[in-house]
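Chemist: Next up, input_33.cif (mmCIF, C-alpha atoms and all ligand atoms).
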```cif
data_run
#
loop_
_atom_site.label_atom_id
_atom_site.label_comp_id
_atom_site.auth_asym_id
_atom_site.auth_seq_id
_atom_site.Cartn_x
_atom_site.Cartn_y
_atom_site.Cartn_z
CA MET A 1 15.89 -7.79 -8.60
CA LEU A 2 12.27 -8.92 -8.90
CA THR A 3 11.29 -11.92 -6.79
CA THR A 4 7.96 -13.54 -6.00
CA ALA A 5 6.84 -13.31 -2.39
CA ALA A 6 3.73 -14.28 -0.45
CA VAL A 7 2.86 -10.84 0.90
CA CYS A 8 0.76 -10.40 4.02
CA HIS A 9 -1.06 -7.09 3.43
CA ALA A 10 -2.99 -6.90 6.70
CA PRO A 11 -3.96 -9.20 9.58
CA HIS A 12 -6.63 -11.82 8.80
CA GLN A 13 -6.07 -11.48 5.05
CA SER A 14 -4.92 -14.23 2.73
CA PHE A 15 -1.39 -14.07 1.38
CA LYS A 16 -1.09 -12.48 -2.03
CA PHE A 17 1.65 -13.51 -4.43
CA GLU A 18 3.42 -10.37 -5.59
CA ASP A 19 6.52 -9.57 -7.62
CA ILE A 20 8.52 -7.48 -5.20
CA GLU A 21 11.72 -5.52 -5.83
CA LEU A 22 14.49 -6.93 -3.64
CA ALA A 23 17.63 -4.86 -2.96
CA GLU A 24 21.08 -6.03 -4.11
CA PRO A 25 23.41 -7.46 -1.43
CA GLN A 26 25.69 -4.90 0.21
CA GLY A 27 28.48 -5.30 2.76
CA THR A 28 27.82 -8.42 4.81
CA GLU A 29 24.51 -9.34 3.12
CA VAL A 30 23.78 -12.59 1.33
CA LEU A 31 21.19 -13.18 -1.39
CA VAL A 32 19.70 -16.66 -1.01
CA ARG A 33 17.46 -18.43 -3.51
CA ILE A 34 14.97 -20.13 -1.20
CA THR A 35 14.39 -23.81 -1.98
CA ALA A 36 12.29 -24.69 1.08
CA SER A 37 10.68 -22.90 4.02
CA GLY A 38 8.99 -24.39 7.03
CA ILE A 39 5.86 -22.81 8.49
CA CYS A 40 5.99 -22.02 12.20
CA HIS A 41 3.27 -20.77 14.53
CA THR A 42 5.00 -17.40 14.81
CA ASP A 43 4.28 -16.83 11.09
CA ILE A 44 0.65 -17.78 11.64
CA SER A 45 0.44 -15.40 14.63
CA VAL A 46 1.44 -12.46 12.42
CA GLN A 47 -1.21 -13.35 9.86
CA GLN A 48 -3.75 -13.65 12.69
CA GLY A 49 -2.75 -10.25 14.09
CA LYS A 50 -1.48 -11.72 17.38
CA ILE A 51 2.12 -10.61 16.82
CA PRO A 52 2.74 -7.10 15.46
CA PHE A 53 4.96 -6.73 12.38
CA SER A 54 5.16 -3.98 9.79
CA LEU A 55 2.62 -4.82 7.09
CA PRO A 56 2.43 -5.15 4.19
CA GLY A 57 5.31 -7.51 4.73
CA VAL A 58 6.76 -10.95 4.20
CA VAL A 59 7.10 -13.49 7.02
CA GLY A 60 8.67 -16.96 7.09
CA HIS A 61 11.70 -17.82 9.24
CA GLU A 62 12.60 -21.45 8.54
CA GLY A 63 14.36 -20.98 5.22
CA ALA A 64 16.89 -23.10 3.38
CA GLY A 65 18.37 -22.43 -0.03
CA ILE A 66 21.31 -21.72 -2.28
CA VAL A 67 23.52 -18.63 -2.11
CA GLU A 68 23.17 -16.60 -5.31
CA ALA A 69 25.21 -13.50 -4.55
CA VAL A 70 27.12 -11.98 -1.64
CA GLY A 71 28.18 -8.51 -0.52
CA ARG A 72 31.90 -7.63 -0.54
CA GLY A 73 32.30 -8.20 3.19
CA VAL A 74 30.99 -11.79 3.20
CA THR A 75 33.62 -14.46 3.97
CA SER A 76 31.80 -17.57 5.24
CA VAL A 77 29.78 -18.54 2.14
CA ARG A 78 29.92 -18.01 -1.61
CA PRO A 79 27.51 -18.37 -4.53
CA GLY A 80 26.40 -21.97 -5.03
CA ASP A 81 26.65 -22.94 -1.35
CA LYS A 82 23.72 -24.72 0.22
CA VAL A 83 22.65 -22.89 3.37
CA LEU A 84 20.32 -23.04 6.33
CA LEU A 85 18.91 -19.73 7.54
CA ILE A 86 19.16 -19.33 11.31
CA SER A 87 18.16 -16.90 14.06
CA PRO A 88 19.72 -13.44 13.55
CA SER A 89 22.34 -12.08 15.94
CA CYS A 90 24.65 -9.04 16.08
CA GLY A 91 27.87 -10.77 17.11
CA GLY A 92 28.89 -7.95 19.44
CA CYS A 93 26.54 -7.84 22.45
CA GLY A 94 26.98 -9.65 25.77
CA PRO A 95 25.01 -12.81 24.90
CA CYS A 96 26.55 -12.98 21.41
CA THR A 97 30.10 -12.78 22.74
CA THR A 98 29.49 -15.37 25.47
CA GLY A 99 28.11 -18.15 23.29
CA HIS A 100 24.40 -17.32 23.39
CA PRO A 101 23.60 -15.69 20.02
CA ALA A 102 19.95 -16.79 20.29
CA LEU A 103 19.63 -14.34 23.20
CA CYS A 104 21.10 -11.43 21.16
CA GLU A 105 20.19 -8.08 22.70
CA LYS A 106 19.37 -6.43 19.34
CA PRO A 107 15.67 -7.22 18.84
CA ALA A 108 15.67 -4.89 15.81
CA LEU A 109 17.44 -7.68 13.91
CA ARG A 110 14.29 -9.79 14.36
CA TRP A 111 11.49 -7.26 14.21
CA SER A 112 12.51 -3.96 12.59
CA GLY A 113 11.47 -5.07 9.08
CA VAL A 114 14.37 -3.16 7.51
CA ARG A 115 18.13 -3.40 7.00
CA ASN A 116 20.57 -2.55 9.80
CA ASP A 117 21.04 0.92 8.27
CA GLY A 118 17.27 1.47 8.19
CA SER A 119 16.90 1.19 4.41
CA PRO A 120 14.23 -1.13 2.98
CA VAL A 121 15.09 -4.71 2.03
CA ALA A 122 12.31 -4.78 -0.57
CA THR A 123 9.58 -2.61 -2.05
CA LEU A 124 6.25 -3.23 -3.75
CA GLN A 125 5.20 -0.56 -6.24
CA GLY A 126 7.58 1.85 -4.55
CA GLN A 127 6.27 1.16 -1.03
CA ALA A 128 8.71 -0.29 1.53
CA LEU A 129 7.73 -3.76 2.75
CA GLY A 130 8.20 -5.21 6.22
CA MET A 131 11.01 -7.71 5.58
CA ARG A 132 13.73 -9.66 7.35
CA PHE A 133 11.13 -11.17 9.67
CA LEU A 134 13.13 -12.94 12.40
CA GLY A 135 16.11 -12.09 10.19
CA GLN A 136 14.70 -13.92 7.16
CA SER A 137 11.31 -13.41 5.38
CA SER A 138 11.60 -16.78 3.68
CA PHE A 139 8.08 -16.94 2.14
CA SER A 140 9.69 -15.65 -1.02
CA THR A 141 11.67 -17.12 -3.89
CA HIS A 142 14.68 -15.08 -2.69
CA ALA A 143 15.72 -13.67 0.68
CA LEU A 144 18.29 -10.95 1.34
CA VAL A 145 19.78 -11.65 4.76
CA GLU A 146 22.81 -10.87 6.93
CA GLU A 147 25.78 -13.25 6.84
CA ARG A 148 25.30 -14.22 10.49
CA THR A 149 21.83 -15.53 9.58
CA VAL A 150 23.33 -17.99 7.10
CA LEU A 151 24.95 -21.32 7.96
CA ALA A 152 26.55 -23.61 5.38
CA ALA A 153 24.69 -26.93 5.28
CA PRO A 154 25.60 -30.44 4.08
CA GLU A 155 24.73 -31.06 0.45
CA ASP A 156 23.04 -34.38 1.16
CA ILE A 157 20.28 -33.10 3.47
CA PRO A 158 17.16 -32.40 1.37
CA ALA A 159 16.13 -28.73 1.57
CA GLU A 160 12.66 -29.58 2.90
CA THR A 161 14.21 -31.50 5.80
CA LEU A 162 16.86 -28.86 6.42
CA ALA A 163 14.52 -25.85 6.60
CA PRO A 164 12.86 -26.50 10.01
CA PHE A 165 16.23 -26.91 11.75
CA GLY A 166 16.47 -23.10 11.94
CA CYS A 167 13.51 -22.69 14.33
CA GLY A 168 11.28 -25.62 15.30
CA VAL A 169 13.99 -28.27 15.51
CA VAL A 170 16.64 -26.18 17.28
CA THR A 171 14.01 -24.85 19.71
CA GLY A 172 12.90 -28.30 20.87
CA ALA A 173 16.30 -29.99 20.73
CA GLY A 174 18.10 -27.11 22.43
CA ALA A 175 15.58 -26.90 25.26
CA VAL A 176 16.59 -30.43 26.24
CA LEU A 177 20.27 -30.62 25.23
CA ASN A 178 21.45 -27.06 25.95
CA VAL A 179 19.14 -25.85 28.71
CA LEU A 180 17.61 -28.68 30.80
CA GLN A 181 20.44 -31.18 30.23
CA PRO A 182 18.88 -34.24 31.87
CA ARG A 183 21.20 -36.50 33.82
CA SER A 184 21.29 -40.26 34.30
CA ASN A 185 18.02 -42.00 35.14
CA GLN A 186 16.01 -38.76 35.17
CA SER A 187 12.64 -38.13 33.56
CA VAL A 188 11.80 -35.67 30.79
CA VAL A 189 8.17 -34.73 30.19
CA VAL A 190 7.35 -33.03 26.89
CA LEU A 191 4.05 -31.15 26.82
CA GLY A 192 2.73 -31.03 23.26
CA ALA A 193 3.81 -33.34 20.43
CA GLY A 194 4.09 -30.76 17.65
CA ALA A 195 7.29 -30.06 15.75
CA VAL A 196 9.02 -28.44 18.74
CA GLY A 197 7.79 -31.08 21.21
CA LEU A 198 8.74 -34.02 19.01
CA SER A 199 12.18 -32.48 18.41
CA ALA A 200 12.49 -32.37 22.21
CA VAL A 201 11.46 -36.04 22.40
CA ILE A 202 14.11 -37.05 19.83
CA ALA A 203 16.69 -35.02 21.79
CA ALA A 204 15.66 -36.51 25.15
CA ALA A 205 16.11 -39.99 23.67
CA LEU A 206 19.79 -39.07 23.04
CA THR A 207 20.38 -38.33 26.75
CA PRO A 208 20.76 -40.70 29.75
CA ALA A 209 17.23 -39.79 30.87
CA THR A 210 15.45 -43.12 31.12
CA LYS A 211 11.89 -41.80 31.10
CA VAL A 212 10.74 -39.69 28.18
CA ILE A 213 7.05 -38.89 28.57
CA ALA A 214 5.09 -37.20 25.77
CA VAL A 215 1.77 -35.46 26.49
CA ASP A 216 -0.70 -34.58 23.73
CA MET A 217 -4.38 -35.02 22.88
CA VAL A 218 -3.95 -36.59 19.43
CA PRO A 219 -3.37 -40.39 19.45
CA GLU A 220 -1.44 -40.32 16.13
CA ARG A 221 1.01 -37.79 17.53
CA LEU A 222 1.52 -39.87 20.67
CA ALA A 223 2.18 -42.92 18.51
CA LEU A 224 4.78 -40.95 16.55
CA ALA A 225 6.33 -39.75 19.84
CA ARG A 226 6.81 -43.40 20.84
CA GLU A 227 8.39 -44.16 17.48
CA LEU A 228 10.79 -41.25 18.04
CA GLY A 229 11.87 -42.35 21.51
CA ALA A 230 9.14 -41.59 24.08
CA THR A 231 8.98 -44.34 26.68
CA ASP A 232 5.54 -43.29 27.94
CA THR A 233 2.67 -41.21 26.64
CA ILE A 234 -0.23 -39.40 28.29
CA ASN A 235 -3.33 -38.50 26.32
CA GLY A 236 -4.48 -35.24 27.90
CA ALA A 237 -7.98 -35.70 26.43
CA GLU A 238 -8.43 -38.89 28.44
CA THR A 239 -6.83 -37.62 31.65
CA GLY A 240 -8.86 -35.75 34.27
CA ASP A 241 -5.86 -34.93 36.46
CA LEU A 242 -2.76 -34.11 34.43
CA THR A 243 -0.64 -33.45 37.54
CA ALA A 244 -1.34 -36.92 38.88
CA ALA A 245 -0.85 -38.56 35.48
CA ILE A 246 2.59 -36.93 35.06
CA LYS A 247 3.63 -37.86 38.61
CA GLU A 248 2.58 -41.43 38.04
CA ALA A 249 4.34 -41.77 34.70
CA ALA A 250 7.51 -40.10 36.01
CA GLY A 251 7.56 -42.22 39.17
CA GLY A 252 6.96 -39.49 41.77
CA GLY A 253 7.68 -36.18 40.09
CA ALA A 254 9.09 -34.97 36.80
CA ASP A 255 12.77 -34.00 36.80
CA HIS A 256 12.43 -31.95 33.59
CA ILE A 257 9.46 -30.57 31.72
CA VAL A 258 9.47 -28.92 28.29
CA GLU A 259 6.33 -26.80 27.86
CA THR A 260 5.44 -26.26 24.19
CA THR A 261 1.62 -26.06 24.29
CA ALA A 262 1.28 -22.36 25.26
CA ASN A 263 -1.75 -23.50 27.25
CA ILE A 264 -1.72 -21.95 30.75
CA LYS A 265 -3.86 -24.71 32.30
CA VAL A 266 -1.45 -27.35 31.00
CA LEU A 267 1.52 -25.32 32.21
CA GLU A 268 0.09 -24.92 35.73
CA ALA A 269 -0.92 -28.57 36.02
CA ALA A 270 2.52 -29.72 34.89
CA LEU A 271 4.31 -27.25 37.18
CA ALA A 272 2.67 -28.95 40.14
CA ALA A 273 4.14 -32.27 38.97
CA LEU A 274 7.79 -31.14 39.12
CA SER A 275 10.06 -33.16 41.42
CA ARG A 276 12.19 -31.56 44.12
CA GLY A 277 14.90 -29.68 42.28
CA GLY A 278 13.05 -30.22 39.01
CA SER A 279 13.15 -27.79 36.08
CA MET A 280 10.62 -26.56 33.58
CA GLY A 281 11.62 -24.88 30.34
CA LEU A 282 8.99 -22.57 28.82
CA VAL A 283 9.00 -22.68 25.04
CA GLY A 284 5.38 -22.20 23.91
CA ALA A 285 4.36 -18.53 23.95
CA PRO A 286 0.70 -17.80 24.72
CA GLY A 287 -0.75 -14.77 22.96
CA GLY A 288 -2.31 -11.73 24.59
CA GLY A 289 0.02 -11.41 27.58
CA GLU A 290 -1.56 -14.27 29.51
CA ALA A 291 -0.17 -14.90 32.99
CA ALA A 292 0.25 -18.10 34.98
CA THR A 293 -0.11 -18.54 38.74
CA LEU A 294 3.02 -19.58 40.56
CA PRO A 295 2.52 -21.25 43.96
CA VAL A 296 5.54 -19.63 45.60
CA VAL A 297 6.00 -21.62 48.80
CA PRO A 298 6.00 -25.11 47.25
CA PHE A 299 8.26 -23.71 44.58
CA ILE A 300 10.80 -22.51 47.16
CA SER A 301 10.60 -25.53 49.45
CA GLY A 302 10.87 -27.84 46.45
CA ALA A 303 13.88 -25.90 45.07
CA LYS A 304 12.21 -25.88 41.66
CA ASN A 305 13.39 -24.08 38.54
CA LEU A 306 11.46 -22.30 35.84
CA ARG A 307 13.11 -20.68 32.85
CA GLY A 308 12.26 -19.31 29.46
CA VAL A 309 14.00 -20.82 26.46
CA VAL A 310 14.67 -18.84 23.27
CA MET A 311 15.52 -20.76 20.09
CA GLY A 312 16.87 -23.59 22.24
CA ASP A 313 19.83 -21.33 23.17
CA GLY A 314 21.31 -22.78 19.99
CA THR A 315 24.60 -21.79 18.36
CA PRO A 316 25.84 -22.45 14.81
CA ALA A 317 27.95 -25.31 16.23
CA PHE A 318 24.88 -26.84 17.86
CA LEU A 319 22.99 -26.65 14.57
CA GLN A 320 25.90 -28.30 12.79
CA ALA A 321 25.73 -31.11 15.37
CA LEU A 322 21.97 -31.54 14.85
CA MET A 323 22.43 -31.70 11.06
CA GLU A 324 25.14 -34.34 11.49
CA LEU A 325 22.93 -36.33 13.90
CA TYR A 326 20.22 -36.23 11.23
CA ARG A 327 22.69 -37.53 8.63
CA GLN A 328 23.56 -40.38 11.00
CA GLY A 329 19.91 -41.31 11.33
CA ARG A 330 19.79 -40.25 14.98
CA PHE A 331 17.62 -37.15 14.54
CA PRO A 332 14.85 -38.25 12.14
CA VAL A 333 12.96 -34.96 11.80
CA ASP A 334 11.88 -35.94 8.28
CA LYS A 335 9.11 -37.93 10.02
CA LEU A 336 7.47 -34.66 11.11
CA ILE A 337 7.36 -33.03 7.68
CA ARG A 338 4.80 -32.71 4.93
CA THR A 339 5.69 -30.67 1.86
CA TYR A 340 3.50 -28.26 -0.09
CA PRO A 341 4.34 -26.30 -3.24
CA PHE A 342 4.86 -22.60 -2.42
CA GLU A 343 1.64 -21.79 -4.31
CA GLN A 344 -0.32 -23.80 -1.71
CA ILE A 345 0.79 -21.66 1.24
CA GLU A 346 -2.80 -21.03 2.38
CA GLN A 347 -3.54 -24.75 2.59
CA ALA A 348 -0.24 -25.36 4.38
CA MET A 349 -1.04 -22.59 6.89
CA ALA A 350 -4.52 -23.99 7.47
CA ASP A 351 -3.13 -27.49 8.05
CA ALA A 352 -0.55 -26.10 10.48
CA SER A 353 -3.19 -24.10 12.39
CA SER A 354 -5.57 -27.04 12.67
CA GLY A 355 -2.80 -29.38 13.72
CA LYS A 356 -3.49 -31.75 10.85
CA VAL A 357 0.15 -31.60 9.82
CA ILE A 358 3.02 -31.44 12.31
CA LYS A 359 5.49 -29.45 10.21
CA PRO A 360 4.37 -28.13 6.84
CA VAL A 361 7.29 -27.16 4.60
CA LEU A 362 6.88 -25.11 1.42
CA THR A 363 8.97 -26.12 -1.58
CA PHE A 364 9.99 -23.77 -4.36
CA ASN A 365 10.54 -24.58 -8.01
CA PRO A 366 13.79 -23.20 -9.37
ZN ZN B 401 9.52 -20.33 14.56
ZN ZN B 402 24.03 -9.76 19.78
#
```
As structure tokens, what does this structure read like?
Ligand SMILES: [Zn+2]
Ligand SMILES: [Zn+2]
Modeler:
Amino acid sequence: MLTTAAVCHAPHQSFKFEDIELAEPQGTEVLVRITASGICHTDISVQQGKIPFSLPGVVGHEGAGIVEAVGRGVTSVRPGDKVLLISPSCGGCGPCTTGHPALCEKPALRWSGVRNDGSPVATLQGQALGMRFLGQSSFSTHALVEERTVLAAPEDIPAETLAPFGCGVVTGAGAVLNVLQPRSNQSVVVLGAGAVGLSAVIAAALTPATKVIAVDMVPERLALARELGATDTINGAETGDLTAAIKEAAGGGADHIVETTANIKVLEAALAALSRGGSMGLVGAPGGGEAATLPVVPFISGAKNLRGVVMGDGTPAFLQALMELYRQGRFPVDKLIRTYPFEQIEQAMADASSGKVIKPVLTFNP
């Protein structure tokens, strides 16, 4: 079928709207009419040439929509169902079979650009396109995805609110609720009050941690962090010594830190503010293979923990819980979102890059 996609032809080029030929669903594939797609920094990184992907291609990995058709092997959804697109997984590897599908050992599902059998998902004038970006390629009026990338969603969550649950929301919420798991009276420091960081703040406010400290350089974002449950804020632009500021706010040292800024200086300063036995979860990915310095002896003597977090180690069940918490008014991610018509993708990307908007979400006319 023909569908309209925002095609990225080469790094540093604007998106071009093209009518691409999308394959029909086979086997366990699902054809989804996209109704909303969030924009995440990983999409921007491809356009900026910082993350390699087969181009020309279609990115976008925070899709939500309506199932239009399914392959014969699909059992979990049917045409007409409202769905959230989630991180792809194989279902058969070690992490997948032990409850960690976000850590799936088949990176080809995220990056290969083609179907599992190697055939193209879509073509443009006969040329195969790089598709199924992070399992999706949702900057398109339709996406052809695997069944495991699709999760049935409640009818009453608006598509534009639903879309970011698949990456930004689950990444921030899962870092706190699945990975760090703060205990009673502990402190949680969130570095960066973007979509991932603010999702972490909302999550931390649902735990028995009694100090939730947001760090950013934009006063409006810090004000929003307070509204969403932060008990303290630190404006990094007004702080000469971030380590000392975190220690002071946390009352000695931080029990948990969620790093979303991808800024090595921020990471290193915060690392030095960890309490004995404290943990830092790394979420923000710096480009260009940057390395951080780890002071080994204080790290050992302080029994500190450092771990990478992928997609919040989220499962479909965890996403269902987050969607229900949203419906109950306890996970108000709608406060992070600004919508743009699909046609205004360039403006939305620019506003995401500059930080003017926390979570831009594209909306699609039927
Ligand atoms: Zn993302
Ligand atoms: Zn797997």
Chemist: Hey, which of A:Leu31, A:Leu162, A:Ala69, A:Leu274 ends up closest to A:Ile86? Count only C-alpha atoms.
Modeler: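 Smallest distance to A:Ile86 is found for A:Leu162.
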Chemist: Report as CSV: every residue of chain A with an atom at most 6 Å from ligand ZN 401 (chain B), its closest pair of atoms, and their distance in Å to one decimal, counting only C-alpha atoms and all ligand atoms, with rows sorted by chain and ascending residue number.
Modeler:
```
residue,atom,partner,partner_atom,distance
A:Cys40,CA,B:ZN401,ZN,4.6
A:Thr42,CA,B:ZN401,ZN,5.4
A:Cys167,CA,B:ZN401,ZN,4.6
A:Gly168,CA,B:ZN401,ZN,5.6
```
Chemist: Kindly compile the residues surrounding ligand ZN 402 (chain B) within 12 Å, counting only C-alpha atoms and all ligand atoms, and format them as a PyMOL selection string.
Modeler: chain A and resi 87-110+148-149
Chemist: Smallest atom-to-atom distance to A:Gly130: which of A:Gly308, A:Gly355, A:Pro56, A:Gly314, using all atoms listed in the file?
Modeler: A:Pro56
Chemist: Could you work out an axis-aligned bounding box for all listed atoms of stretch 163-179 of chain A, with 3 Å added on each of the six sides, and give its centre and edge lengths in Å to one decimal, as AutoDock Vina command-line options?
Modeler:
```
--center_x 16.4 --center_y -26.7 --center_z 17.7 --size_x 16.2 --size_y 13.9 --size_z 28.1
```
Chemist: When you count only C-alpha atoms, which of these residues is closest to A:Ser353: A:Val32, A:Ala10, A:Ala237, A:Ile44?
Modeler: A:Ile44
Chemist: In Å, rounded to a single decimal, give me how far atom CA of A:Arg226 is from atom CA of A:Arg338.
Modeler: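 Pair atom CA of A:Arg338 / atom CA of A:Arg226 returns 19.3 Å.
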Chemist: Grab the atom CA of A:Leu55 to atom CA of A:Ile20 distance for me, in Å with one decimal place.
Modeler: 13.9 Å
Chemist: Return the single residue from A:Leu242, A:Ala36, A:Leu198, A:Leu206 that is closest to A:Thr260, with distances computed using all atoms listed in the file.
Modeler: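 Checking each of A:Leu242, A:Ala36, A:Leu198, A:Leu206 against A:Thr260, counting all atoms listed in the file, the winner is A:Leu198.
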Chemist: Identify which of the residues A:Pro25, A:Gly229, A:Gly80, A:Gly174 lies closest to A:Ile66, counting all atoms listed in the file when measuring atom-to-atom distances.
Modeler: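 Smallest separation from A:Ile66 among the options: A:Gly80.
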Chemist: Identify, on the basis of only C-alpha atoms, every residue whose closest approach to A:Arg33 does not exceed 12 Å; exclude the query and any residue fewer than 4 positions from it along the same chain; express the result as a PyMOL selection string.
Modeler: chain A and resi 1+3-5+22+37+63-70+79-85+136-145+159+363-366
Chemist: With distances taken over all atoms listed in the file, which of A:Gln26, A:Asn263, A:Ser275, A:Thr293 is nearest to A:Val74?
Modeler: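 For A:Val74, the nearest of the candidates is A:Gln26.
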Chemist: Need the neighbours of (9.1, -25.6, 2.5): which residues are at most 7 Å away, counting only C-alpha atoms, as a PyMOL selection string?
Modeler: chain A and resi 36-38+160+163+339-340+360-363
Chemist: Please provide as a ChimeraX atom specification all residues within 9 Å of A:Ser199, with the sequence filter that same-chain residues fewer than 5 positions apart are discarded (counting all atoms listed in the file).
Modeler: /A:168-174,193-194,204,228,331-333,336
